[in-house]
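The structure under discussion appears below in the form of structure tokens.
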Amino acid sequence: MATDLLKTAAEFSVKGPIWSFDFYIGSWHVIISESIIVQWIVMAVLAVIFFILGRNLKVHATSRRQMAAEYLVGFFRNMVRDTMGEKYNKYTAYIGALFCFSILNSLSSLFGFRSPTSDLSVVAAWGVITFVLTQRNKFKTGGVKGFFKGFIEPLPFMLPFNIIGEIANPVSQTLRHFANILAGSVIGGLIYFALGQIANGLGAIGLPAVLSLYFDCFSSFIQAYIFCTLTMAYVSGADCSED
Amino acid sequence: MIEMLKLAEETAATQGEFSLVSIDPNTIVFTLINTLIIFLIYFLFLHKPVCKILDERAAAVNKDMDDAQKAKEEADKVKAEYEQRLQESKDEASRIVAEATKKAQQRETEIISAANDEAAQLKKRAEESIEKEKKKAINEIKEEISEMVVMAASKVAEKEISEKDNEKIIDTVLSQIGESD
């Protein structure tokens with residue numbers, strides 16, 4: 001029986017995101033993958049949530065809806081203020097939007113979608129944003145001189161390592177987020193497959209729920225949180241101003 | 001690396017799906033656009049209104065606290081003023097009472113001295129009138145006695161005496177009486 005299981009396990013595979021549709025604009029082959037479709041669904045949901053939460057706010061608040069809205073915005077405000085400091089308040093909206101978008105993208109697997117965050121390209125896009133924001137902040141606070149000086153500090157021969165470090169930060173951050181969510185879905189798939197083989201589906205009650213709680217819910221939250229925290233740390237860490 | 005990417009894309013194109021670990025520029029571009037849209041939605045629908053409300057509330061709370069502080073200061077000022085006025089009134093009252101007492105005492109001494117004066121005057125007048133009455137009584141007695149003497153003398157003598165003799169006799173009698181006093 002064990003060999004049977006192994007034989008069937010060899011058939012198990014996790015596939016990449018499929019193309020939903022593709023078309024050509026001139027010579028540009030536009031491919032809309034599953035990840036983008038799911039993102040659009042998530043965006044629609046988020047837009048409705050944000051719209052409902054954010055309308056009819058009053059200075060003397062009594063509604064639970066407004067409490068929730070204030071709690072959410074206050075959470076991101078405090079997070080950004082504590083990690084980046086008072087002068088980076090304007091990043092609050094981006095961090096909040098990224099956090100909500102990332103977490104709902106990951107949680108979409110609960111509704112049977114393929115999480116967009118388990119697609120490397122999606123998380124890589126956010127890594128690119130982090131990289132751009134980091135370099136921009138370095139340029140803004142240090143000027144041209146400070147920007148280039150940062151690469152030969154503390155000693156000039158550190159230049160290659162500094163360049164690698166600048167690139168490695170967003171890459172590692174991207175891979176962490178992507179790989180955690182992907183691994184979660186792979187493990188989830190394996191569990192379903194194995195339980196299906198062993199007990200003809202009977203054992204598939206209870207255990208997948210517990211594992212799903214960790215790999216889908218908890219992991220989604222923690223990865224979104226880590227990604228946002230790292231983004232904040234990299235951007236504010238790039239501050240070259242001398243104060 | 002670019003060749004690898006191209007190869008991956010070609011394989012993907014033939015299969016209609018991407019491999020498990022692949023980077024697709026299309027997905028990156030669309031994700032960037034989607035993230036920008038979500039950022040704008042979050043910023044415009046939720047972040048901006050909520051921040052506005054939070055700031056307004058903070059301003060309102062600060063204003064209320066300032067107002068309360070101001071009201072307290074005002075109340076303290078008014079209280080101090082009233083206390084000062086009360087103290088002034090008390091001082092004034094005690095001053096009035098003291099003045100009245102002083103005046104009353106002055107008046108008392110005045111009345112007493114006036115009464116004393118009057119009493120002395122009355123006594124003096126009474127004494128004078130007593131003296132006068134006394135003199136009058138003496139004179140009356142003298143006249144009566146002289147009349148009685150005249151009558152007695154005329155009765156005793158039973159004889160006519162001239163006016164001149166008469167007077168002489170009277171004077172003699174009177175002087176005798178005066179000496180006998």
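If you're wondering about the labels, chains in the structure tokens are A, B, ... by order shown, residues count from 1 in each chain, ligands from 1 in order shown.
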
Interface list for chain A, partner chain B, 6 Å threshold, only C-alpha atoms, as a ChimeraX atom specification: /A:15-19,50-51,54,59,93-94,97,121-122,125

Set the distance at 6 Å and use only C-alpha atoms: which residues neighbour segment 140-151 of chain A once local chain neighbours fewer than 3 positions away are removed? I'd like the list as a list in words. Arg136, Asn137, Leu159, Asn162, Asp239, Cys240 and Ser241 of chain A

Quick one: residues within 10 Å of Leu175 of chain A, only C-alpha atoms counted, chain neighbours fewer than 4 positions away excluded, as number ranges by chain? A: 118, 120, 123-124, 127, 170-171, 179-181

Could you tell me how far atom CA of Gln173 of chain A lies from atom CA of Val128 of chain A, in Å and to one decimal?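 For atom CA of Gln173 of chain A relative to atom CA of Val128 of chain A, the distance reads 10.5 Å.
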
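Taking only C-alpha atoms into account, Gly237 of chain A lies nearest to A:Tyr88 out of the set A:Tyr24, A:Tyr214, A:Phe101, A:Tyr88.
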